[in-house]
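Asker: Next comes start_35.csv, CSV, C-alpha atoms:
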```
chain,number,residue,atom,x,y,z
A,58,MET,CA,-34.1,16.0,-48.9
A,59,SER,CA,-32.6,13.5,-51.3
A,60,THR,CA,-32.8,9.7,-50.7
A,61,ALA,CA,-29.0,9.6,-50.5
A,62,LEU,CA,-28.9,12.2,-47.8
A,63,LEU,CA,-31.6,10.5,-45.9
A,64,ALA,CA,-29.7,7.3,-46.1
A,65,ALA,CA,-26.5,9.0,-44.9
A,66,VAL,CA,-28.4,10.5,-41.9
A,67,ALA,CA,-29.9,7.1,-41.1
A,68,VAL,CA,-26.5,5.5,-41.1
A,69,ILE,CA,-25.0,8.2,-38.9
A,70,LEU,CA,-27.9,7.9,-36.4
A,71,CYS,CA,-27.5,4.1,-36.4
A,72,ILE,CA,-23.8,4.4,-35.6
A,73,LEU,CA,-24.4,7.0,-33.0
A,74,PHE,CA,-27.1,4.9,-31.3
A,75,ARG,CA,-24.8,1.9,-31.4
A,76,ILE,CA,-21.9,3.8,-29.8
A,77,LEU,CA,-24.2,5.3,-27.2
A,78,ASN,CA,-25.8,1.9,-26.6
A,79,VAL,CA,-29.2,3.5,-25.9
A,80,ASN,CA,-31.1,0.3,-26.2
A,81,SER,CA,-29.6,-1.0,-23.0
A,82,GLN,CA,-31.6,-1.0,-19.8
A,83,PRO,CA,-30.6,-0.5,-16.1
A,84,GLN,CA,-29.3,-3.6,-14.5
A,85,LYS,CA,-28.6,-4.7,-10.9
A,86,PRO,CA,-24.9,-5.3,-10.1
A,87,ALA,CA,-23.8,-9.0,-10.2
A,88,LEU,CA,-22.6,-10.0,-6.8
A,89,TYR,CA,-19.9,-12.7,-6.3
A,90,CYS,CA,-19.4,-13.7,-2.7
A,91,LYS,CA,-18.8,-17.1,-1.0
A,92,ASP,CA,-19.3,-15.8,2.5
A,93,LEU,CA,-23.1,-15.1,2.9
A,94,THR,CA,-22.7,-13.8,6.4
A,95,PHE,CA,-20.2,-11.2,5.1
A,96,LEU,CA,-22.6,-10.4,2.3
A,97,ASP,CA,-25.6,-10.0,4.6
A,98,THR,CA,-23.6,-7.6,6.8
A,99,ILE,CA,-22.6,-5.5,3.7
A,100,LEU,CA,-26.1,-5.3,2.5
A,101,LYS,CA,-27.4,-4.1,5.8
A,102,ILE,CA,-25.6,-0.8,5.2
A,103,ALA,CA,-25.5,-0.9,1.4
A,104,PRO,CA,-28.9,-2.2,0.2
A,105,LEU,CA,-28.4,-0.1,-3.0
A,106,LEU,CA,-26.3,-3.0,-4.2
A,107,GLN,CA,-29.5,-4.9,-4.8
A,108,GLU,CA,-31.0,-2.1,-6.9
A,109,PRO,CA,-30.5,-1.4,-10.6
A,110,TYR,CA,-27.8,1.1,-11.5
A,111,THR,CA,-29.5,3.7,-13.8
A,112,PRO,CA,-26.9,5.5,-16.0
A,113,THR,CA,-27.7,8.9,-17.5
A,114,ARG,CA,-30.2,8.0,-20.3
A,115,LEU,CA,-28.7,9.6,-23.4
A,116,TRP,CA,-25.1,8.7,-23.1
A,117,GLY,CA,-24.5,6.8,-19.8
A,118,PHE,CA,-24.9,3.4,-21.3
A,119,SER,CA,-21.7,3.9,-23.3
A,120,GLY,CA,-18.6,2.9,-21.5
A,121,HIS,CA,-16.5,5.1,-23.8
A,122,VAL,CA,-18.5,8.2,-23.0
A,123,GLN,CA,-18.5,7.5,-19.3
A,124,THR,CA,-14.7,7.1,-19.4
A,125,ILE,CA,-14.0,10.2,-21.4
A,126,ILE,CA,-16.3,12.4,-19.4
A,127,HIS,CA,-14.8,11.3,-16.2
A,128,SER,CA,-11.3,11.9,-17.5
A,129,ILE,CA,-12.1,15.4,-18.7
A,130,ILE,CA,-14.5,16.8,-16.0
A,131,GLY,CA,-14.5,14.3,-13.2
A,132,ARG,CA,-17.5,14.9,-10.9
A,133,VAL,CA,-20.3,17.2,-11.9
A,134,ARG,CA,-20.5,19.9,-9.3
A,135,CYS,CA,-20.1,17.3,-6.6
A,136,PRO,CA,-19.2,18.9,-3.2
A,137,TRP,CA,-15.8,17.8,-2.1
A,138,PRO,CA,-14.8,17.6,1.5
A,139,ILE,CA,-12.1,19.9,2.7
A,140,GLY,CA,-8.9,18.0,3.3
A,141,GLU,CA,-5.6,18.6,5.1
A,142,ARG,CA,-2.5,18.5,2.9
A,143,CYS,CA,0.2,16.4,4.6
A,144,TYR,CA,3.9,16.1,3.7
A,145,LEU,CA,6.0,13.2,4.8
A,146,SER,CA,9.8,13.0,4.2
A,147,LEU,CA,10.9,9.5,3.3
A,148,ARG,CA,14.2,7.8,4.0
A,149,ASP,CA,15.2,7.9,0.3
A,150,GLY,CA,15.1,11.7,0.4
A,151,THR,CA,11.8,12.1,-1.5
A,152,THR,CA,8.7,13.8,-0.1
A,153,LEU,CA,5.3,12.0,0.0
A,154,THR,CA,2.3,14.3,-0.3
A,155,TYR,CA,-1.3,13.2,0.5
A,156,ASP,CA,-4.6,14.7,1.5
A,157,LEU,CA,-6.3,13.7,4.7
A,158,TYR,CA,-10.1,14.0,4.9
A,159,GLN,CA,-11.7,13.9,8.3
A,160,PRO,CA,-15.0,12.0,8.6
A,161,LEU,CA,-18.1,14.1,8.8
A,162,ASP,CA,-19.7,11.8,11.4
A,163,GLN,CA,-17.4,11.1,14.3
A,164,SER,CA,-19.3,8.0,15.2
A,165,HIS,CA,-18.4,6.3,11.9
A,166,GLU,CA,-15.8,4.0,12.5
A,167,GLY,CA,2.4,-1.8,-7.8
A,168,HIS,CA,5.0,0.1,-5.3
A,169,THR,CA,3.4,-0.2,-1.9
A,170,GLY,CA,6.3,1.2,0.2
A,171,ASP,CA,5.2,4.8,0.0
A,172,PHE,CA,1.6,3.7,0.5
A,173,SER,CA,2.7,1.9,3.7
A,174,GLU,CA,4.6,5.0,4.9
A,175,MET,CA,1.5,7.1,4.4
A,176,LEU,CA,-0.7,4.7,6.4
A,177,SER,CA,1.8,4.7,9.2
A,178,HIS,CA,1.9,8.5,9.2
A,179,ILE,CA,-1.8,8.7,9.4
A,180,LEU,CA,-1.9,6.2,12.3
A,181,GLU,CA,0.8,8.2,14.2
A,182,LYS,CA,-1.4,11.3,13.9
A,183,HIS,CA,-4.7,9.5,14.6
A,184,PRO,CA,-3.8,6.3,16.5
A,185,ASN,CA,-7.4,5.5,17.5
A,186,THR,CA,-8.9,5.6,14.0
A,187,TYR,CA,-9.8,2.8,11.7
A,188,ILE,CA,-8.8,2.8,8.0
A,189,VAL,CA,-10.5,1.5,4.9
A,190,CYS,CA,-8.1,1.7,1.9
A,191,ILE,CA,-9.7,2.7,-1.4
A,192,GLY,CA,-7.9,2.5,-4.7
A,193,PHE,CA,-9.0,3.7,-8.1
A,194,SER,CA,-7.7,2.0,-11.3
A,195,LEU,CA,-3.9,1.5,-10.8
A,196,GLY,CA,-4.5,2.6,-7.2
A,197,GLY,CA,-6.9,-0.4,-6.8
A,198,ASN,CA,-4.0,-2.7,-7.8
A,199,LEU,CA,-1.8,-0.9,-5.3
A,200,VAL,CA,-4.3,-1.4,-2.4
A,201,THR,CA,-5.0,-5.1,-3.3
A,202,LYS,CA,-1.3,-5.9,-3.6
A,203,TYR,CA,-0.6,-4.1,-0.3
A,204,MET,CA,-3.3,-6.2,1.4
A,205,GLY,CA,-1.9,-9.5,0.0
A,206,GLU,CA,1.8,-9.0,0.6
A,207,ALA,CA,2.7,-11.8,2.9
A,208,ASP,CA,5.9,-10.1,4.2
A,209,ARG,CA,4.1,-6.8,4.9
A,210,CYS,CA,3.4,-5.8,8.5
A,211,ARG,CA,-0.1,-4.2,8.5
A,212,SER,CA,-1.7,-2.4,11.4
A,213,PRO,CA,-4.9,-4.0,12.8
A,214,ASN,CA,-6.5,-0.5,12.4
A,215,ILE,CA,-6.7,-1.2,8.7
A,216,ILE,CA,-10.1,-3.0,8.6
A,217,GLY,CA,-10.7,-3.4,4.9
A,218,GLY,CA,-10.0,-2.4,1.3
A,219,ILE,CA,-12.0,-1.4,-1.8
A,220,SER,CA,-10.7,-1.6,-5.3
A,221,ILE,CA,-12.4,0.1,-8.2
A,222,CYS,CA,-11.8,-0.5,-12.0
A,223,GLN,CA,-8.4,-2.1,-11.9
A,224,GLY,CA,-7.2,-4.8,-14.3
A,225,TYR,CA,-5.5,-7.2,-11.8
A,226,CYS,CA,-2.8,-8.5,-14.2
A,227,ALA,CA,-0.4,-6.0,-15.9
A,228,ILE,CA,1.0,-8.7,-18.3
A,229,GLU,CA,-2.4,-9.8,-19.6
A,230,GLY,CA,-3.8,-6.2,-19.5
A,231,THR,CA,-0.9,-4.9,-21.7
A,232,LYS,CA,-1.6,-7.5,-24.3
A,233,TRP,CA,-5.2,-6.2,-24.6
A,234,LEU,CA,-4.2,-2.6,-24.6
A,235,LEU,CA,-1.8,-3.2,-27.5
A,236,ASN,CA,-4.6,-4.0,-29.9
A,237,TRP,CA,-7.1,-1.7,-31.5
A,238,GLN,CA,-10.2,-3.6,-30.4
A,239,ASN,CA,-12.6,-1.3,-28.7
A,240,PHE,CA,-10.2,1.6,-29.3
A,241,ARG,CA,-7.9,0.3,-26.5
A,242,ARG,CA,-4.7,1.3,-28.4
A,243,PHE,CA,-6.0,4.9,-28.3
A,244,TYR,CA,-6.4,4.8,-24.5
A,245,LEU,CA,-2.9,3.3,-24.2
A,246,TYR,CA,-1.5,6.2,-26.3
A,247,VAL,CA,-3.2,8.7,-24.0
A,248,MET,CA,-1.9,7.0,-20.8
A,249,THR,CA,1.6,6.8,-22.2
A,250,GLU,CA,1.7,10.5,-23.1
A,251,SER,CA,0.3,11.4,-19.7
A,252,MET,CA,3.0,9.4,-17.9
A,253,LYS,CA,5.7,10.7,-20.2
A,254,SER,CA,4.6,14.3,-19.6
A,255,ILE,CA,4.9,13.7,-15.8
A,256,ILE,CA,8.5,12.4,-16.2
A,257,LEU,CA,9.5,15.3,-18.5
A,258,ARG,CA,7.8,17.9,-16.4
A,259,HIS,CA,10.1,16.9,-13.5
A,260,ARG,CA,13.1,16.1,-15.7
A,261,HIS,CA,15.4,18.3,-13.7
A,262,ILE,CA,15.0,15.7,-10.9
A,263,LEU,CA,14.0,12.5,-12.6
A,264,LEU,CA,16.4,12.9,-15.5
A,265,HIS,CA,19.2,14.7,-13.8
A,266,ASP,CA,22.6,13.8,-15.2
A,267,ASP,CA,23.5,11.9,-12.0
A,268,VAL,CA,20.2,9.9,-12.2
A,269,LYS,CA,20.8,9.1,-15.9
A,270,ARG,CA,24.3,7.8,-15.2
A,271,ARG,CA,23.2,5.8,-12.1
A,272,TYR,CA,20.4,3.9,-13.9
A,273,ASN,CA,21.7,4.0,-17.5
A,274,LEU,CA,18.8,6.1,-18.6
A,275,LYS,CA,18.6,7.4,-22.2
A,276,GLU,CA,16.4,10.4,-22.5
A,277,ARG,CA,15.9,10.0,-26.2
A,278,GLU,CA,14.4,6.5,-25.6
A,279,ILE,CA,12.1,7.8,-23.0
A,280,ILE,CA,10.8,10.6,-25.2
A,281,ALA,CA,10.4,8.2,-28.2
A,282,ALA,CA,8.4,5.6,-26.2
A,283,ALA,CA,5.1,5.1,-28.0
A,284,THR,CA,3.5,2.7,-25.5
A,285,LEU,CA,3.6,2.1,-21.7
A,286,PRO,CA,5.7,-1.1,-22.1
A,287,GLU,CA,8.3,0.9,-24.1
A,288,LEU,CA,8.3,3.7,-21.5
A,289,ASP,CA,8.6,1.2,-18.7
A,290,ASP,CA,11.4,-0.5,-20.5
A,291,ALA,CA,13.2,2.8,-21.0
A,292,TYR,CA,12.6,4.2,-17.5
A,293,THR,CA,10.6,2.4,-14.9
A,294,ARG,CA,12.2,-1.0,-14.8
A,295,LYS,CA,15.7,0.5,-14.7
A,296,VAL,CA,14.9,2.9,-11.8
A,297,HIS,CA,13.4,0.1,-9.8
A,298,ASN,CA,16.1,-2.4,-10.7
A,299,PHE,CA,14.2,-5.0,-12.7
A,300,LYS,CA,15.8,-7.0,-15.5
A,301,SER,CA,12.8,-6.8,-17.8
A,302,VAL,CA,9.4,-5.3,-18.2
A,303,SER,CA,7.9,-8.8,-17.7
A,304,GLU,CA,9.6,-9.1,-14.4
A,305,LEU,CA,8.4,-5.7,-13.3
A,306,TYR,CA,4.8,-6.5,-14.4
A,307,GLN,CA,4.8,-9.8,-12.7
A,308,TRP,CA,6.0,-8.3,-9.4
A,309,SER,CA,3.5,-5.4,-9.6
A,310,SER,CA,0.3,-7.3,-10.6
A,311,CYS,CA,-2.0,-7.8,-7.6
A,312,VAL,CA,-3.4,-11.1,-9.1
A,313,ASN,CA,-0.3,-12.8,-7.7
A,314,TYR,CA,-1.1,-11.6,-4.2
A,315,LEU,CA,-4.8,-12.4,-3.9
A,316,GLN,CA,-4.4,-15.7,-2.1
A,317,ASP,CA,-2.7,-14.1,0.9
A,318,ILE,CA,-5.3,-11.5,1.5
A,319,ASN,CA,-7.0,-12.0,4.9
A,320,THR,CA,-8.5,-8.5,5.4
A,321,PRO,CA,-12.0,-7.9,4.1
A,322,MET,CA,-11.9,-6.7,0.5
A,323,ILE,CA,-14.5,-5.4,-2.0
A,324,PHE,CA,-13.8,-5.2,-5.7
A,325,ILE,CA,-15.8,-3.2,-8.3
A,326,ASN,CA,-15.6,-3.3,-12.1
A,327,ALA,CA,-17.8,-2.5,-15.1
A,328,ARG,CA,-18.1,-4.9,-18.0
A,329,ASP,CA,-18.2,-2.0,-20.5
A,330,ASP,CA,-14.9,-0.5,-19.2
A,331,PRO,CA,-12.9,0.2,-22.5
A,332,ILE,CA,-9.6,0.0,-20.7
A,333,VAL,CA,-10.2,-3.2,-18.6
A,334,PRO,CA,-11.7,-6.0,-20.8
A,335,GLU,CA,-14.0,-8.5,-19.3
A,336,ALA,CA,-11.4,-11.3,-19.8
A,337,LEU,CA,-9.3,-9.7,-17.0
A,338,LEU,CA,-12.1,-10.0,-14.5
A,339,ARG,CA,-12.1,-13.8,-14.3
A,340,PRO,CA,-9.5,-14.0,-11.5
A,341,VAL,CA,-11.4,-11.7,-9.1
A,342,ARG,CA,-14.7,-13.4,-9.8
A,343,GLN,CA,-13.1,-16.7,-8.8
A,344,PHE,CA,-11.4,-15.2,-5.8
A,345,ALA,CA,-14.6,-13.7,-4.3
A,346,SER,CA,-16.5,-16.9,-5.1
A,347,GLU,CA,-13.9,-19.0,-3.1
A,348,HIS,CA,-12.7,-16.9,-0.2
A,349,SER,CA,-14.4,-15.5,2.9
A,350,ASN,CA,-14.7,-11.8,3.6
A,351,ALA,CA,-14.5,-10.9,-0.1
A,352,LEU,CA,-17.1,-9.4,-2.4
A,353,TYR,CA,-16.9,-8.6,-6.1
A,354,LEU,CA,-19.4,-6.2,-7.7
A,355,GLU,CA,-19.7,-6.4,-11.5
A,356,LEU,CA,-21.8,-3.8,-13.2
A,357,ALA,CA,-23.0,-3.9,-16.8
A,358,HIS,CA,-22.3,-0.2,-17.3
A,359,GLY,CA,-20.1,2.6,-15.8
A,360,GLY,CA,-17.0,2.7,-18.0
A,361,HIS,CA,-13.7,3.3,-16.4
A,362,LEU,CA,-14.4,5.2,-13.1
A,363,GLY,CA,-17.5,6.9,-14.5
A,364,PHE,CA,-20.7,5.5,-13.0
A,365,TYR,CA,-22.7,8.7,-13.7
A,366,GLU,CA,-26.4,8.2,-13.0
A,367,GLY,CA,-29.7,9.9,-13.4
A,368,GLY,CA,-31.1,12.5,-15.8
A,369,LEU,CA,-31.5,12.5,-19.5
A,370,VAL,CA,-28.4,14.5,-20.5
A,371,TYR,CA,-27.1,16.1,-17.3
A,372,PRO,CA,-26.3,13.5,-14.6
A,373,ASN,CA,-26.8,13.8,-10.9
A,374,PRO,CA,-24.0,15.6,-9.1
A,375,VAL,CA,-23.4,12.5,-6.9
A,376,THR,CA,-22.6,9.4,-8.9
A,377,TRP,CA,-23.5,5.8,-8.1
A,378,LEU,CA,-19.9,5.2,-7.1
A,379,ASP,CA,-20.0,8.1,-4.7
A,380,ARG,CA,-23.1,6.7,-3.0
A,381,THR,CA,-21.8,3.2,-3.0
A,382,LEU,CA,-18.4,3.9,-1.5
A,383,VAL,CA,-20.0,5.8,1.5
A,384,ALA,CA,-22.2,2.8,2.1
A,385,LEU,CA,-19.4,0.2,1.7
A,386,VAL,CA,-17.1,2.0,4.1
A,387,GLY,CA,-19.9,1.9,6.7
A,388,SER,CA,-20.4,-1.8,5.9
A,389,LEU,CA,-16.8,-2.7,6.4
A,390,ALA,CA,-16.9,-0.8,9.7
A,391,LEU,CA,-19.9,-2.9,10.7
A,392,VAL,CA,-18.0,-6.1,9.7
A,393,ASN,CA,-15.1,-5.1,11.8
A,394,ALA,CA,-17.4,-4.3,14.8
A,395,GLY,CA,-18.9,-7.7,14.5
A,396,SER,CA,-15.5,-9.4,14.3
A,397,THR,CA,-14.3,-7.4,17.4
A,398,LEU,CA,-17.4,-8.5,19.4
A,399,LYS,CA,-16.8,-12.2,18.5
A,400,THR,CA,-13.1,-11.9,19.6
A,401,SER,CA,-14.2,-10.3,22.9
A,402,ALA,CA,-16.8,-13.1,23.5
A,403,ALA,CA,-14.2,-15.8,22.8
A,404,LYS,CA,-11.8,-14.2,25.3
A,405,VAL,CA,-14.6,-14.1,28.0
A,406,GLN,CA,-15.5,-17.7,27.5
```
How does the structure come out when it is put into structure tokens?

Answerer:
Amino acid sequence: MSTALLAAVAVILCILFRILNVNSQPQKPALYCKDLTFLDTILKIAPLLQEPYTPTRLWGFSGHVQTIIHSIIGRVRCPWPIGERCYLSLRDGTTLTYDLYQPLDQSHEGHTGDFSEMLSHILEKHPNTYIVCIGFSLGGNLVTKYMGEADRCRSPNIIGGISICQGYCAIEGTKWLLNWQNFRRFYLYVMTESMKSIILRHRHILLHDDVKRRYNLKEREIIAAATLPELDDAYTRKVHNFKSVSELYQWSSCVNYLQDINTPMIFINARDDPIVPEALLRPVRQFASEHSNALYLELAHGGHLGFYEGGLVYPNPVTWLDRTLVALVGSLALVNAGSTLKTSAAKVQ
């Protein structure tokens, strides 16, 4: 083998090792929490938060690989619970569809309008149940915004919320996604095309002639949109009656609603998330460090919604996030039980 070929192979291996970040080691999650009583209660059910998260050895230390694998295959042979498909007709004529999963252990206690309707529907069917709202990525922003909306009437049966891998501020997040650093512009392109395909797949409803006239929609501009801000300018802001994309993003960003949250909340992010840069995580660190009943978990690895763990090449079927969410739901139930006992004691006194 020639020297030039050996040098080329060495360079490729160096680049591959750099991308896979194989020199990294498992690390414990960083915990941000002002309320030590709240944290102690969480850790009683979720002691794994004090243990190192060990990604799959060969590729799990790369946020890019974690993100891509999750977007393509999701979970690896992970057993999913069997859910009940529910349909709810809304006042505006649309149909809301969601899946309802019953707990395995019966002793285990953006636009938020549709989300609120769904929760109300669940509570009508199961009035004695407690609810922990969990949101992934944009869903995390939705759950957080819902919890912090001052004019929103929320049921006392909603005992907590969990947000995973969201960016908190759409205005700042878009600025980061529009540059090529860490391949973010590529991810923005994929998200834009995915959203565009959903609109075009249902064009017979979303782009009906009556709808286009009512909202002054131009199908050519929607199809030509190269980024999410362009797509939101051509479609989303008009349908939801916003004067500009900035106004839409300001209204929809949960960072503007954090101060009014009074329900226990847990936030989870990874520092190597290629879609959510570390700079966007500062507000939630500060929030959890200054407010009661709030916990922020920041992991060194995990990518965007990946968090695969174990094994050399093939990860465990149950991810770190799967295990953690089960424990955190139990923790929030314990927090609620303690709060209920305190309220009862106060009434007796």

Asker: Skip range 244-248 of chain A itself and residues of its chain fewer than 5 positions away, then list as JSON, numbers by chain all residues within 12 Å of it, counting all atoms listed in the file.

Answerer: {"A": [121, 124, 125, 128, 195, 230, 231, 232, 233, 234, 235, 236, 237, 238, 239, 253, 254, 255, 282, 283, 284, 285, 286, 287, 288, 330, 331, 332, 333, 361]}

Asker: Using 12 Å as the limit and counting all atoms listed in the file, can you tabulate each residue of range 258-334 of chain A that touches range 81-86 of chain A, with its shortest atom-to-atom distance in Å and the two atoms involved, as JSON lines?

Answerer:
```
{"residue": "A:Phe324", "atom": "CA", "partner": "A:Pro86", "partner_atom": "CA", "distance": 11.9}
{"residue": "A:Ile325", "atom": "CA", "partner": "A:Pro86", "partner_atom": "CA", "distance": 9.5}
{"residue": "A:Asn326", "atom": "CA", "partner": "A:Pro86", "partner_atom": "CA", "distance": 9.7}
{"residue": "A:Ala327", "atom": "CA", "partner": "A:Pro86", "partner_atom": "CA", "distance": 9.1}
{"residue": "A:Arg328", "atom": "CA", "partner": "A:Pro86", "partner_atom": "CA", "distance": 10.4}
{"residue": "A:Asp329", "atom": "CA", "partner": "A:Ser81", "partner_atom": "CA", "distance": 11.7}
```

Asker: What are the nearest atom pairs, with distances in Å to one decimal, for all residues of range 354-383 of chain A that come at most 8 Å from range 88-109 of chain A, using only C-alpha atoms, set out by chain and rising residue number as a tab-separated table?

Answerer:
```
residue	atom	partner	partner_atom	distance
A:Leu354	CA	A:Leu88	CA	5.0
A:Glu355	CA	A:Leu88	CA	6.6
A:Thr381	CA	A:Ala103	CA	7.1
```

Asker: Which polymer residues have any atom within 10 Å of an atom of Leu305 in chain A, counting only C-alpha atoms, with same-chain residues fewer than 6 positions away left out, as a list in words?

Answerer: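 Those residues are Gly167, Ala227, Ile228, Asp289, Asp290, Thr293, Arg294, Lys295, His297, Asn298 and Phe299 of chain A.
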
Asker: In Å, how far is it from CA of Gly205 in chain A to CA of Leu315 in chain A?

Answerer: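 If I compute the distance from CA of Gly205 in chain A to CA of Leu315 in chain A, I get 5.7 Å.
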
Asker: To one decimal place, how far is CA of Lys275 in chain A from CA of Leu199 in chain A in Å?

Answerer: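 Result for CA of Lys275 in chain A versus CA of Leu199 in chain A: 27.8 Å, one decimal.
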
Asker: I'd like to know which of A:Gly395, A:Pro213, A:Gly360, A:Pro340 is closest to Trp116 in chain A, using only C-alpha atoms.

Answerer: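 The shortest atom-to-atom distance to Trp116 in chain A comes from A:Gly360.
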